[in-house]
$ cat entry-v4.cif   # mmCIF, C-alpha atoms
data_coords
loop_
_atom_site.label_atom_id
_atom_site.label_comp_id
_atom_site.auth_asym_id
_atom_site.auth_seq_id
_atom_site.Cartn_x
_atom_site.Cartn_y
_atom_site.Cartn_z
CA MET A 23 -45.52 -19.65 -53.46
CA ILE A 24 -47.46 -16.54 -52.51
CA ARG A 25 -49.37 -18.42 -49.82
CA LEU A 26 -46.09 -19.77 -48.45
CA ARG A 27 -44.71 -16.25 -48.21
CA GLN A 28 -47.89 -15.02 -46.51
CA TRP A 29 -47.73 -17.90 -44.04
CA SER A 30 -44.05 -17.17 -43.39
CA SER A 31 -44.80 -13.47 -42.82
CA ARG A 32 -47.62 -14.27 -40.39
CA LEU A 33 -45.37 -16.69 -38.51
CA THR A 34 -42.63 -14.08 -38.28
CA LEU A 35 -45.07 -11.48 -36.94
CA SER A 36 -46.49 -13.93 -34.39
CA LEU A 37 -43.05 -14.75 -32.96
CA PRO A 38 -41.81 -12.69 -30.01
CA ARG A 39 -39.43 -9.86 -30.83
CA GLY A 40 -37.40 -9.85 -27.64
CA LEU A 41 -34.04 -11.66 -27.49
CA TYR A 42 -34.93 -13.29 -24.16
CA ALA A 43 -38.20 -14.75 -25.48
CA ARG A 44 -36.60 -15.90 -28.73
CA SER A 45 -33.76 -17.58 -26.84
CA LEU A 46 -36.31 -19.42 -24.71
CA ILE A 47 -38.03 -20.64 -27.87
CA ILE A 48 -34.67 -21.83 -29.23
CA ILE A 49 -34.21 -23.87 -26.04
CA ILE A 50 -37.78 -25.08 -25.57
CA ALA A 51 -38.64 -25.97 -29.18
CA PRO A 52 -35.90 -28.63 -29.67
CA MET A 53 -36.61 -30.03 -26.19
CA VAL A 54 -40.33 -30.40 -26.91
CA LEU A 55 -39.62 -31.89 -30.34
CA LEU A 56 -37.14 -34.39 -28.88
CA GLN A 57 -39.55 -35.42 -26.14
CA SER A 58 -42.37 -35.80 -28.65
CA VAL A 59 -40.23 -38.09 -30.85
CA ILE A 60 -39.07 -40.11 -27.85
CA ALA A 61 -42.62 -40.44 -26.51
CA PHE A 62 -43.91 -41.48 -29.93
CA VAL A 63 -41.18 -44.08 -30.40
CA PHE A 64 -41.75 -45.33 -26.86
CA MET A 65 -45.49 -45.57 -27.41
CA GLU A 66 -45.12 -47.35 -30.73
CA ARG A 67 -42.26 -49.67 -29.87
CA HIS A 68 -41.96 -50.23 -26.16
CA TRP A 69 -45.39 -49.59 -24.71
CA GLN A 70 -47.31 -51.34 -27.47
CA THR A 71 -44.87 -54.26 -27.58
CA VAL A 72 -45.02 -54.86 -23.85
CA THR A 73 -48.81 -54.64 -23.84
CA GLN A 74 -48.93 -57.02 -26.78
CA ARG A 75 -46.83 -59.61 -24.94
CA LEU A 76 -48.77 -59.29 -21.69
CA SER A 77 -52.12 -59.59 -23.44
CA THR A 78 -50.85 -62.60 -25.38
CA ALA A 79 -49.83 -64.32 -22.15
CA VAL A 80 -53.19 -63.64 -20.45
CA THR A 81 -55.09 -64.83 -23.50
CA ARG A 82 -52.94 -67.98 -23.66
CA ASP A 83 -53.81 -68.73 -20.00
CA ILE A 84 -57.52 -68.25 -20.72
CA ALA A 85 -57.23 -70.50 -23.78
CA ALA A 86 -55.63 -73.16 -21.60
CA ILE A 87 -58.48 -72.94 -19.09
CA ILE A 88 -61.03 -73.30 -21.93
CA GLU A 89 -59.11 -76.30 -23.20
CA ILE A 90 -59.28 -77.91 -19.75
CA LEU A 91 -63.00 -77.19 -19.49
CA ASP A 92 -63.68 -78.70 -22.90
CA THR A 93 -61.31 -81.68 -22.66
CA TYR A 94 -61.62 -82.83 -19.09
CA PRO A 95 -65.14 -82.93 -17.65
CA GLN A 96 -65.28 -81.52 -14.14
CA ASP A 97 -67.75 -81.39 -11.33
CA GLU A 98 -70.59 -78.99 -11.69
CA ASP A 99 -68.90 -76.40 -9.46
CA TYR A 100 -65.53 -76.60 -11.29
CA LEU A 101 -63.66 -76.04 -8.03
CA ASN A 102 -60.40 -77.56 -9.22
CA VAL A 103 -60.23 -75.37 -12.32
CA ILE A 104 -61.17 -72.25 -10.39
CA THR A 105 -58.54 -72.98 -7.74
CA LEU A 106 -55.90 -73.71 -10.37
CA ALA A 107 -56.65 -70.45 -12.22
CA ARG A 108 -56.55 -68.39 -9.03
CA GLU A 109 -53.42 -69.92 -7.49
CA LYS A 110 -51.30 -70.68 -10.53
CA LEU A 111 -52.44 -68.11 -13.11
CA ALA A 112 -53.66 -65.23 -10.88
CA LEU A 113 -56.99 -65.25 -12.68
CA ASN A 114 -60.36 -65.11 -10.96
CA ILE A 115 -62.76 -67.19 -13.06
CA ALA A 116 -66.40 -68.21 -12.78
CA ILE A 117 -68.61 -70.51 -14.82
CA LEU A 118 -71.89 -68.78 -15.67
CA PRO A 119 -75.09 -70.09 -17.28
CA PRO A 120 -75.20 -69.89 -21.08
CA ASP A 121 -76.91 -66.49 -21.13
CA PRO A 122 -76.34 -64.05 -23.99
CA LEU A 123 -73.29 -61.86 -23.67
CA PRO A 124 -73.79 -58.24 -22.60
CA GLY A 125 -73.95 -55.50 -25.18
CA PRO A 126 -70.79 -53.75 -26.40
CA ALA A 127 -69.05 -51.90 -23.56
CA PRO A 128 -68.01 -48.24 -24.04
CA LYS A 129 -64.62 -47.88 -25.65
CA PRO A 130 -61.99 -45.94 -23.74
CA PHE A 131 -60.45 -42.81 -25.27
CA PHE A 132 -57.02 -44.44 -25.30
CA SER A 133 -57.89 -48.02 -26.33
CA ILE A 134 -54.54 -49.71 -26.83
CA LEU A 135 -55.39 -52.45 -24.30
CA ASP A 136 -58.91 -52.88 -25.65
CA SER A 137 -57.77 -53.32 -29.24
CA ILE A 138 -54.76 -55.58 -28.53
CA LEU A 139 -56.64 -57.84 -26.09
CA SER A 140 -59.58 -58.18 -28.49
CA GLN A 141 -57.24 -59.10 -31.31
CA GLU A 142 -55.46 -61.75 -29.21
CA ILE A 143 -58.73 -63.35 -28.05
CA THR A 144 -59.92 -63.49 -31.65
CA ASN A 145 -56.66 -65.06 -32.85
CA GLN A 146 -56.10 -67.57 -30.04
CA ILE A 147 -59.60 -68.52 -28.89
CA GLY A 148 -61.87 -67.70 -31.79
CA LYS A 149 -65.11 -67.73 -29.82
CA PRO A 150 -67.66 -64.98 -29.12
CA PHE A 151 -66.44 -62.76 -26.32
CA TRP A 152 -67.11 -59.55 -24.41
CA ILE A 153 -64.53 -57.48 -22.57
CA ASP A 154 -64.68 -54.49 -20.26
CA THR A 155 -61.48 -52.52 -19.72
CA VAL A 156 -63.20 -49.41 -18.34
CA GLY A 157 -65.55 -50.46 -15.49
CA ASN A 158 -62.93 -51.19 -12.82
CA SER A 159 -59.65 -49.40 -13.33
CA ASN A 160 -57.66 -52.19 -11.62
CA LEU A 161 -59.38 -55.19 -13.25
CA VAL A 162 -60.21 -56.34 -16.74
CA GLU A 163 -63.37 -58.42 -17.18
CA ILE A 164 -63.53 -60.98 -19.99
CA ARG A 165 -66.52 -63.13 -20.89
CA ILE A 166 -66.27 -65.91 -23.47
CA GLN A 167 -69.26 -67.77 -24.88
CA LEU A 168 -68.71 -71.57 -24.75
CA GLU A 169 -71.06 -74.31 -25.98
CA ASP A 170 -73.13 -74.74 -22.82
CA LYS A 171 -71.76 -72.08 -20.51
CA VAL A 172 -70.09 -68.70 -20.25
CA LEU A 173 -66.58 -68.29 -18.86
CA ARG A 174 -66.07 -65.08 -16.90
CA VAL A 175 -62.49 -64.06 -16.14
CA PHE A 176 -61.25 -61.21 -13.96
CA ALA A 177 -57.58 -60.35 -14.54
CA LYS A 178 -55.51 -57.61 -13.05
CA ARG A 179 -54.93 -54.78 -15.49
CA SER A 180 -51.20 -55.00 -14.88
CA GLN A 181 -51.24 -58.60 -16.20
CA ALA A 182 -52.35 -57.48 -19.65
CA TYR A 183 -51.21 -53.87 -19.83
CA ALA A 184 -47.93 -51.97 -19.34
CA SER A 185 -49.38 -49.84 -16.56
CA ASN A 186 -46.08 -48.35 -15.31
CA THR A 187 -45.53 -46.25 -18.43
CA HIS A 188 -46.61 -43.07 -16.66
CA ILE A 189 -43.47 -43.33 -14.54
CA PHE A 190 -41.36 -42.92 -17.65
CA LEU A 191 -43.43 -39.94 -18.79
CA LEU A 192 -43.26 -38.32 -15.36
CA TRP A 193 -39.48 -38.72 -15.26
CA MET A 194 -39.15 -37.32 -18.77
CA VAL A 195 -41.37 -34.30 -18.11
CA GLY A 196 -39.96 -33.71 -14.63
CA THR A 197 -36.32 -33.73 -15.70
CA SER A 198 -37.18 -31.51 -18.68
CA LEU A 199 -38.78 -28.93 -16.38
CA VAL A 200 -35.74 -28.98 -14.09
CA LEU A 201 -33.39 -28.54 -17.05
CA LEU A 202 -35.59 -25.79 -18.45
CA PHE A 203 -35.58 -23.96 -15.12
CA ILE A 204 -31.77 -24.12 -14.97
CA ALA A 205 -31.53 -22.96 -18.59
CA ILE A 206 -33.81 -19.98 -17.86
CA LEU A 207 -31.62 -18.93 -14.92
CA PHE A 208 -28.44 -19.10 -16.99
CA LEU A 209 -30.10 -17.43 -19.98
CA ARG A 210 -31.35 -14.55 -17.84
CA ASN A 211 -27.82 -13.93 -16.59
CA GLN A 212 -26.58 -13.88 -20.18
CA ILE A 213 -29.34 -11.58 -21.42
CA ARG A 214 -29.05 -9.04 -18.59
CA PRO A 215 -25.65 -7.60 -19.77
CA ILE A 216 -27.10 -7.14 -23.27
CA GLN A 217 -30.09 -5.30 -21.83
CA ARG A 218 -27.81 -3.08 -19.74
CA LEU A 219 -25.72 -2.32 -22.82
CA ALA A 220 -28.87 -1.43 -24.78
CA ASP A 221 -30.03 0.86 -21.94
CA ALA A 222 -26.61 2.54 -21.84
CA ALA A 223 -26.69 3.13 -25.61
CA ASP A 224 -30.24 4.51 -25.32
CA ASP A 225 -29.17 6.86 -22.50
CA PHE A 226 -26.22 8.02 -24.59
CA GLY A 227 -28.59 8.81 -27.45
CA LYS A 228 -30.70 10.86 -25.04
CA GLY A 229 -27.67 12.73 -23.70
CA ARG A 230 -27.69 11.06 -20.29
CA ALA A 231 -24.62 9.93 -18.37
CA LEU A 232 -23.69 6.28 -18.04
CA PRO A 233 -24.86 4.53 -14.86
CA ALA A 234 -22.18 4.62 -12.17
CA ASP A 235 -22.00 0.81 -11.96
CA PHE A 236 -21.95 0.19 -15.71
CA ARG A 237 -19.15 -2.04 -16.94
CA PRO A 238 -18.90 -4.77 -19.60
CA ARG A 239 -20.21 -8.10 -18.29
CA GLY A 240 -21.41 -11.43 -19.58
CA ALA A 241 -20.00 -13.55 -22.38
CA ILE A 242 -16.83 -12.58 -24.24
CA GLU A 243 -18.79 -11.28 -27.24
CA VAL A 244 -21.00 -9.11 -25.03
CA ARG A 245 -17.95 -7.77 -23.17
CA ARG A 246 -16.31 -6.89 -26.48
CA ALA A 247 -19.47 -5.06 -27.57
CA GLY A 248 -19.55 -3.19 -24.23
CA LEU A 249 -15.90 -2.16 -24.50
CA ALA A 250 -16.43 -1.08 -28.12
CA PHE A 251 -19.42 1.03 -27.03
CA ILE A 252 -17.43 2.73 -24.24
CA LYS A 253 -14.53 3.52 -26.60
CA MET A 254 -16.94 4.79 -29.25
CA ARG A 255 -18.63 7.03 -26.69
CA GLU A 256 -15.26 8.43 -25.60
CA ARG A 257 -14.23 9.10 -29.21
CA ILE A 258 -17.52 10.86 -29.99
CA GLU A 259 -17.33 12.99 -26.85
CA LYS A 260 -13.72 13.92 -27.61
CA GLN A 261 -14.58 14.76 -31.21
CA ILE A 262 -17.51 16.94 -30.10
CA GLU A 263 -15.33 18.66 -27.54
CA GLN A 264 -12.61 19.41 -30.13
CA ARG A 265 -15.18 20.64 -32.62
CA THR A 266 -16.79 22.90 -30.04
CA GLU A 267 -13.43 24.31 -28.98
CA MET A 268 -12.52 24.98 -32.61
CA LEU A 269 -15.81 26.76 -33.35
CA THR A 270 -15.52 28.77 -30.16
CA GLY A 271 -11.93 29.75 -30.93
CA VAL A 272 -12.69 30.76 -34.51
CA SER A 273 -15.74 32.75 -33.44
CA HIS A 274 -13.74 34.52 -30.73
CA ASP A 275 -10.96 35.46 -33.16
CA LEU A 276 -13.45 36.74 -35.71
CA ARG A 277 -15.22 38.78 -33.03
CA THR A 278 -11.93 40.52 -32.26
CA ILE A 279 -11.46 41.43 -35.91
CA LEU A 280 -15.06 42.67 -36.20
CA THR A 281 -14.56 44.82 -33.14
CA ARG A 282 -11.59 46.48 -34.87
CA PHE A 283 -13.71 47.07 -37.96
CA LYS A 284 -16.41 48.70 -35.83
CA LEU A 285 -13.86 51.02 -34.17
CA GLN A 286 -12.37 52.00 -37.50
CA LEU A 287 -15.80 52.68 -39.00
CA ALA A 288 -16.77 54.73 -35.97
CA LEU A 289 -13.85 57.06 -36.69
CA GLN A 290 -14.91 57.61 -40.30
CA GLU A 291 -17.31 60.22 -41.60
CA PRO A 292 -20.92 58.98 -42.03
CA SER A 293 -21.82 58.10 -45.63
CA LYS A 294 -23.83 55.61 -47.61
CA GLU A 295 -20.72 53.48 -48.10
CA MET A 296 -20.14 53.46 -44.33
CA GLU A 297 -23.77 52.43 -43.72
CA ALA A 298 -23.36 49.49 -46.10
CA LEU A 299 -20.17 48.43 -44.36
CA GLU A 300 -21.83 48.72 -40.96
CA LYS A 301 -24.69 46.52 -42.19
CA ASP A 302 -22.21 43.92 -43.46
CA ILE A 303 -20.44 43.93 -40.11
CA ALA A 304 -23.79 43.55 -38.30
CA ASP A 305 -24.64 40.56 -40.53
CA MET A 306 -21.28 38.99 -39.80
CA GLN A 307 -21.85 39.60 -36.09
CA SER A 308 -25.23 37.85 -36.36
CA MET A 309 -23.67 34.93 -38.19
CA LEU A 310 -21.06 34.58 -35.48
CA GLU A 311 -23.78 34.54 -32.84
CA GLY A 312 -25.45 31.78 -34.84
CA TYR A 313 -22.20 29.84 -34.96
CA MET A 314 -21.91 30.18 -31.20
CA ASP A 315 -25.47 28.98 -30.63
CA PHE A 316 -24.85 26.01 -32.90
CA ALA A 317 -21.63 25.23 -31.03
CA LYS A 318 -23.43 25.45 -27.69
CA GLY A 319 -25.77 22.75 -28.89
CA GLU A 320 -22.77 20.42 -29.11
CA VAL A 321 -21.75 20.99 -25.50
CA GLU A 322 -22.63 18.16 -23.15
CA GLU A 323 -25.18 19.21 -20.55
CA GLU A 324 -26.44 17.14 -17.65
CA THR A 325 -30.12 16.26 -17.71
CA GLY A 326 -32.41 17.55 -14.99
CA GLU A 327 -36.07 17.84 -14.09
CA VAL A 328 -37.86 20.80 -15.64
CA ASP A 329 -41.37 22.18 -15.08
CA LEU A 330 -42.80 22.43 -18.58
CA ALA A 331 -45.66 24.66 -17.43
CA VAL A 332 -43.25 27.26 -16.03
CA MET A 333 -41.17 27.19 -19.19
CA ILE A 334 -44.18 27.66 -21.48
CA ALA A 335 -45.54 30.40 -19.17
CA SER A 336 -42.46 32.50 -19.95
CA PHE A 337 -43.38 32.40 -23.65
CA GLU A 338 -46.97 33.34 -22.80
CA GLU A 339 -45.58 36.43 -21.07
CA GLU A 340 -43.52 37.22 -24.16
CA ALA A 341 -46.66 36.81 -26.30
CA ARG A 342 -48.51 39.34 -24.14
CA ILE A 343 -45.68 41.82 -24.54
CA ARG A 344 -45.73 41.36 -28.31
CA LYS A 345 -49.56 41.48 -28.29
CA HIS A 346 -49.54 38.06 -29.91
CA ARG A 347 -52.47 35.68 -29.42
CA MET A 348 -51.22 32.48 -27.80
CA LYS A 349 -52.96 29.55 -26.14
CA ALA A 350 -51.20 26.62 -24.43
CA ASN A 351 -52.48 23.31 -23.06
CA ILE A 352 -50.47 20.61 -21.27
CA VAL A 353 -51.85 17.06 -21.05
CA GLY A 354 -50.20 14.70 -18.58
CA ARG A 355 -47.33 15.29 -16.22
CA LYS A 356 -45.69 18.69 -16.31
CA ASP A 357 -42.36 17.54 -14.89
CA ILE A 358 -39.98 16.31 -17.59
CA VAL A 359 -36.33 15.18 -17.56
CA VAL A 360 -34.34 16.95 -20.29
CA ARG A 361 -31.27 19.13 -20.75
CA PRO A 362 -32.76 22.35 -19.37
CA VAL A 363 -30.74 24.97 -21.29
CA ALA A 364 -30.78 23.08 -24.58
CA PHE A 365 -34.49 22.29 -24.36
CA ARG A 366 -35.34 25.92 -23.66
CA ARG A 367 -33.30 26.92 -26.70
CA LEU A 368 -35.29 24.40 -28.76
CA LEU A 369 -38.62 25.88 -27.62
CA GLU A 370 -37.36 29.42 -28.08
CA ASN A 371 -36.30 28.77 -31.69
CA VAL A 372 -39.60 27.10 -32.58
CA ILE A 373 -42.03 29.39 -30.71
CA SER A 374 -40.20 32.63 -31.52
CA ASN A 375 -40.28 31.65 -35.18
CA SER A 376 -44.07 31.33 -34.87
CA PHE A 377 -44.29 34.72 -33.14
CA ARG A 378 -42.34 36.32 -35.95
CA TYR A 379 -44.39 35.05 -38.89
CA ALA A 380 -47.89 34.59 -37.47
CA THR A 381 -50.45 36.44 -35.37
CA ARG A 382 -51.84 33.42 -33.53
CA THR A 383 -50.12 30.45 -31.90
CA GLU A 384 -51.53 27.37 -30.19
CA ILE A 385 -49.34 24.95 -28.20
CA VAL A 386 -50.46 21.48 -27.09
CA ALA A 387 -48.06 19.31 -25.06
CA ARG A 388 -48.83 15.63 -24.37
CA ASN A 389 -46.68 13.74 -21.89
CA ALA A 390 -47.56 10.03 -21.95
CA LYS A 391 -45.71 6.70 -21.81
CA GLY A 392 -42.34 8.36 -21.36
CA ARG A 393 -42.56 10.62 -24.43
CA LEU A 394 -43.32 14.29 -24.78
CA THR A 395 -45.08 15.34 -27.98
CA LEU A 396 -45.31 19.09 -28.49
CA PHE A 397 -47.55 20.59 -31.22
CA VAL A 398 -46.93 24.23 -32.14
CA ASP A 399 -49.59 25.51 -34.59
CA ASP A 400 -49.85 28.98 -36.10
CA ASN A 401 -51.70 30.87 -38.82
CA GLY A 402 -48.60 32.10 -40.63
CA PRO A 403 -47.63 31.61 -44.28
CA GLY A 404 -46.28 28.10 -43.68
CA ILE A 405 -43.57 26.25 -45.61
CA PRO A 406 -44.09 24.28 -48.86
CA LYS A 407 -44.03 20.49 -48.43
CA ASP A 408 -41.07 20.04 -50.76
CA LYS A 409 -39.00 22.48 -48.66
CA ARG A 410 -39.82 21.16 -45.18
CA GLU A 411 -36.71 19.00 -44.95
CA GLU A 412 -34.49 21.57 -46.60
CA VAL A 413 -35.19 24.20 -43.94
CA PHE A 414 -33.55 22.00 -41.31
CA LYS A 415 -30.21 22.22 -43.07
CA PRO A 416 -27.80 24.71 -41.42
CA PHE A 417 -27.63 28.09 -43.18
CA TYR A 418 -30.37 27.13 -45.64
CA ARG A 419 -32.32 30.24 -46.64
CA LEU A 420 -35.82 30.33 -48.09
CA ASP A 421 -37.79 33.25 -49.52
CA GLU A 422 -39.89 34.61 -46.68
CA ALA A 423 -38.05 31.91 -44.73
CA ARG A 424 -39.56 30.69 -41.52
CA ASN A 425 -36.36 28.97 -40.55
CA LEU A 426 -34.50 32.25 -40.14
CA ASP A 427 -33.80 33.35 -36.61
CA GLU A 428 -33.39 37.03 -35.73
CA SER A 429 -29.77 36.95 -36.86
CA GLY A 430 -30.82 35.87 -40.32
CA THR A 431 -28.36 32.94 -40.46
CA GLY A 432 -30.89 30.17 -41.07
CA LEU A 433 -29.80 28.17 -38.02
CA GLY A 434 -33.00 28.34 -35.96
CA LEU A 435 -34.68 25.09 -36.99
CA ALA A 436 -31.32 23.37 -37.56
CA ILE A 437 -30.37 24.00 -33.93
CA ALA A 438 -33.82 22.93 -32.74
CA ARG A 439 -33.72 19.61 -34.59
CA ASP A 440 -30.13 18.99 -33.47
CA ILE A 441 -31.20 19.43 -29.85
CA ALA A 442 -34.23 17.18 -30.31
CA ARG A 443 -32.13 14.42 -31.85
CA ARG A 444 -29.54 14.69 -29.11
CA HIS A 445 -32.43 13.99 -26.74
CA GLY A 446 -33.28 10.88 -28.78
CA GLY A 447 -36.24 12.50 -30.59
CA ASN A 448 -37.01 14.50 -33.71
CA ILE A 449 -38.83 17.51 -35.15
CA THR A 450 -41.18 17.33 -38.14
CA LEU A 451 -43.31 19.87 -39.99
CA GLU A 452 -46.96 19.47 -41.05
CA ASP A 453 -49.90 21.59 -42.17
CA SER A 454 -51.65 23.34 -39.32
CA THR A 455 -55.40 23.38 -38.74
CA LEU A 456 -54.98 27.14 -38.22
CA GLY A 457 -53.90 27.50 -41.84
CA GLY A 458 -50.18 27.88 -41.25
CA LEU A 459 -47.42 25.57 -40.06
CA GLN A 460 -47.47 22.84 -37.43
CA VAL A 461 -44.17 22.00 -35.75
CA ILE A 462 -44.17 18.59 -33.99
CA VAL A 463 -41.49 18.02 -31.36
CA ASP A 464 -41.30 14.41 -30.17
CA ILE A 465 -38.69 13.43 -27.55
CA PRO A 466 -38.40 10.81 -24.80
CA VAL A 467 -38.56 12.28 -21.30
#
$ encode --input "entry-v4.cif" --output "structure tokens"
Amino acid sequence: MIRLRQWSSRLTLSLPRGLYARSLIIIIAPMVLLQSVIAFVFMERHWQTVTQRLSTAVTRDIAAIIEILDTYPQDEDYLNVITLAREKLALNIAILPPDPLPGPAPKPFFSILDSILSQEITNQIGKPFWIDTVGNSNLVEIRIQLEDKVLRVFAKRSQAYASNTHIFLLWMVGTSLVLLFIAILFLRNQIRPIQRLADAADDFGKGRALPADFRPRGAIEVRRAGLAFIKMRERIEKQIEQRTEMLTGVSHDLRTILTRFKLQLALQEPSKEMEALEKDIADMQSMLEGYMDFAKGEVEEETGEVDLAVMIASFEEEARIRKHRMKANIVGRKDIVVRPVAFRRLLENVISNSFRYATRTEIVARNAKGRLTLFVDDNGPGIPKDKREEVFKPFYRLDEARNLDESGTGLGLAIARDIARRHGGNITLEDSTLGGLQVIVDIPV
């Protein structure tokens, strides 16, 4: 049972994963199986039967010639028998001296004629014999040991063997190839709409617009899937738009109220109570800014080409101003296709967080095979392993939290991961070789 499961697993892994290749196998496998069964049945029933009958007839003619030679004495040259065999039986015979028969001839790889003809000679004639079905492809040579002579017979291969079988095989293989070619053409046309739908879904996951010529095509089921995808995309975009408008409206209204509070506090006499209230208002202002940043991440932005080197250079300038040690290295192409504003916000949240809690930062960016992998290492305090997923939750706060942005709302890493996922990628946290935290940003570009 275990071996069967292992064999099944290996077979599953060896099969192609693509729909197009699997569909071809579904078409080709039954066709090959059917042809194999037909060819086997034809070989066993038709081909062998016809060869059996032809060999029986040739052997019967040879037996008749032997009977004439033994029953009716002829002249020494046997001209009458030779003429009769050539004109009436299409056999070329000769009477040879009673020399020993040649040694066994080499057997052909496919010896259906050799075996059937030998069996018929043994059954009908019952005398020592020697046959050669290999030497001349168009003739079969038969020698039979008689009492005082040797009978040599040359017969056409087609007299004893169903030699036109290859025509059937050629027709079978040829028509199968034509049908397979037609099936591949039709299958490609059916697979192409599915591939276009998959590309459109992938582009939607990366925040890219639908191709201008995209519309549901193909079979009814594929068209239904395409229409369902378009409607789903419209519902998601509408929901995001409504959510963004709601967050923006709420944040705007709360800003107005906070502005009133600030004016009222400005008119009061300074005191410790007023300082506490001003701090609370500042915290609320920071939280509102965080809400707005989070809402901006929901806004659809067109993708465009960005120079990664220029973008990282701006953070190197900031590091010099802060007197922070920073080193950056870019491997591969520097031009990437992302949402420019959102991607810069992602880098700003990640790198600024490193600036805030560490004294040294190293950035390595690798752009290969359509994916950008960004490693941000620092020598800061890091984040415990059991808290590394928690810090991506909005408004999650950790002691000495590294996920806190300047506003203190705990939205920094949440916004960064949200942007990465809207690009079709992700952000993960690992231990850094510098002793602190390593932030890994992986997105398709």
$ atom_distance --input "entry-v4.cif" --atom1 "atom CA of A:Ala182" --atom2 "atom CA of A:Val80"
6.3 Å
$ resolve_selection --input "entry-v4.cif" --expression "the PyMOL selection byres ((chain A and resi 376-390) around 6)" --output "MDAnalysis selection string"
chainID A and resid 346:355 373:375 391:402
$ residues_near_point --input "entry-v4.cif" --point "(-74.9, -69.0, -20.3)" --cutoff "6 Å" --atoms "all atoms listed in the file" --output "VMD selection string"
chain A and resid 118 to 121 171 to 172
$ residues_around --input "entry-v4.cif" --residues "A:Arg366" --least-positions-apart "4" --cutoff "10 Å" --atoms "all atoms listed in the file" --output "list in words"
Val328, Leu330, Met333, Ile334, Val360, Arg361, Pro362, Glu370, Asn371, Val372, Ala438 and Ile441 of chain A
$ atom_distance --input "entry-v4.cif" --atom1 "atom CA of A:Asp225" --atom2 "atom CA of A:Leu249"
16.2 Å
$ atom_distance --input "entry-v4.cif" --atom1 "atom CA of A:Glu340" --atom2 "atom CA of A:Asp440"
24.5 Å
$ residues_near_point --input "entry-v4.cif" --point "(-15.9, 48.4, -44.1)" --cutoff "12 Å" --atoms "only C-alpha atoms" --output "list in words"
Ile279, Leu280, Thr281, Arg282, Phe283, Lys284, Leu285, Gln286, Leu287, Ala288, Leu289, Gln290, Pro292, Ser293, Lys294, Glu295, Met296, Glu297, Ala298, Leu299, Glu300, Lys301, Asp302, Ile303, Ala304 and Met306 of chain A
$ resolve_selection --input "entry-v4.cif" --expression "the PyMOL selection byres ((chain A and resi 238) around 9)" --output "compact mmCIF listing (two decimals) with C-alpha atoms, in the frame of the given file"
# COMPACT_ATOMS: atom_id res chain seq x y z
CA PRO A 215 -25.65 -7.60 -19.77
CA LEU A 219 -25.72 -2.32 -22.82
CA PHE A 236 -21.95 0.19 -15.71
CA ARG A 237 -19.15 -2.04 -16.94
CA ARG A 239 -20.21 -8.10 -18.29
CA GLY A 240 -21.41 -11.43 -19.58
CA VAL A 244 -21.00 -9.11 -25.03
CA ARG A 245 -17.95 -7.77 -23.17
CA ARG A 246 -16.31 -6.89 -26.48
CA ALA A 247 -19.47 -5.06 -27.57
CA GLY A 248 -19.55 -3.19 -24.23
CA LEU A 249 -15.90 -2.16 -24.50
CA ILE A 252 -17.43 2.73 -24.24
$ resolve_selection --input "entry-v4.cif" --expression "the PyMOL selection byres ((chain A and resi 131-145) around 8)" --output "list in words"
Gln70, Thr73, Gln74, Ser77, Thr78, Thr81, Lys129, Pro130, Gln146, Ile147, Gly148, Lys149, Phe151, Ile153, Thr155, Ala182 and Tyr183 of chain A
$ closest_residue --input "entry-v4.cif" --among "A:Leu113, A:Leu46, A:Val359, A:Val54" --to "A:Ala79" --atoms "all atoms listed in the file"
A:Leu113
$ residues_around --input "entry-v4.cif" --residues "A:Ile206" --least-positions-apart "5" --cutoff "10 Å" --atoms "only C-alpha atoms" --output "PyMOL selection string"
chain A and resi 42+45-46+49+200-201+211-212
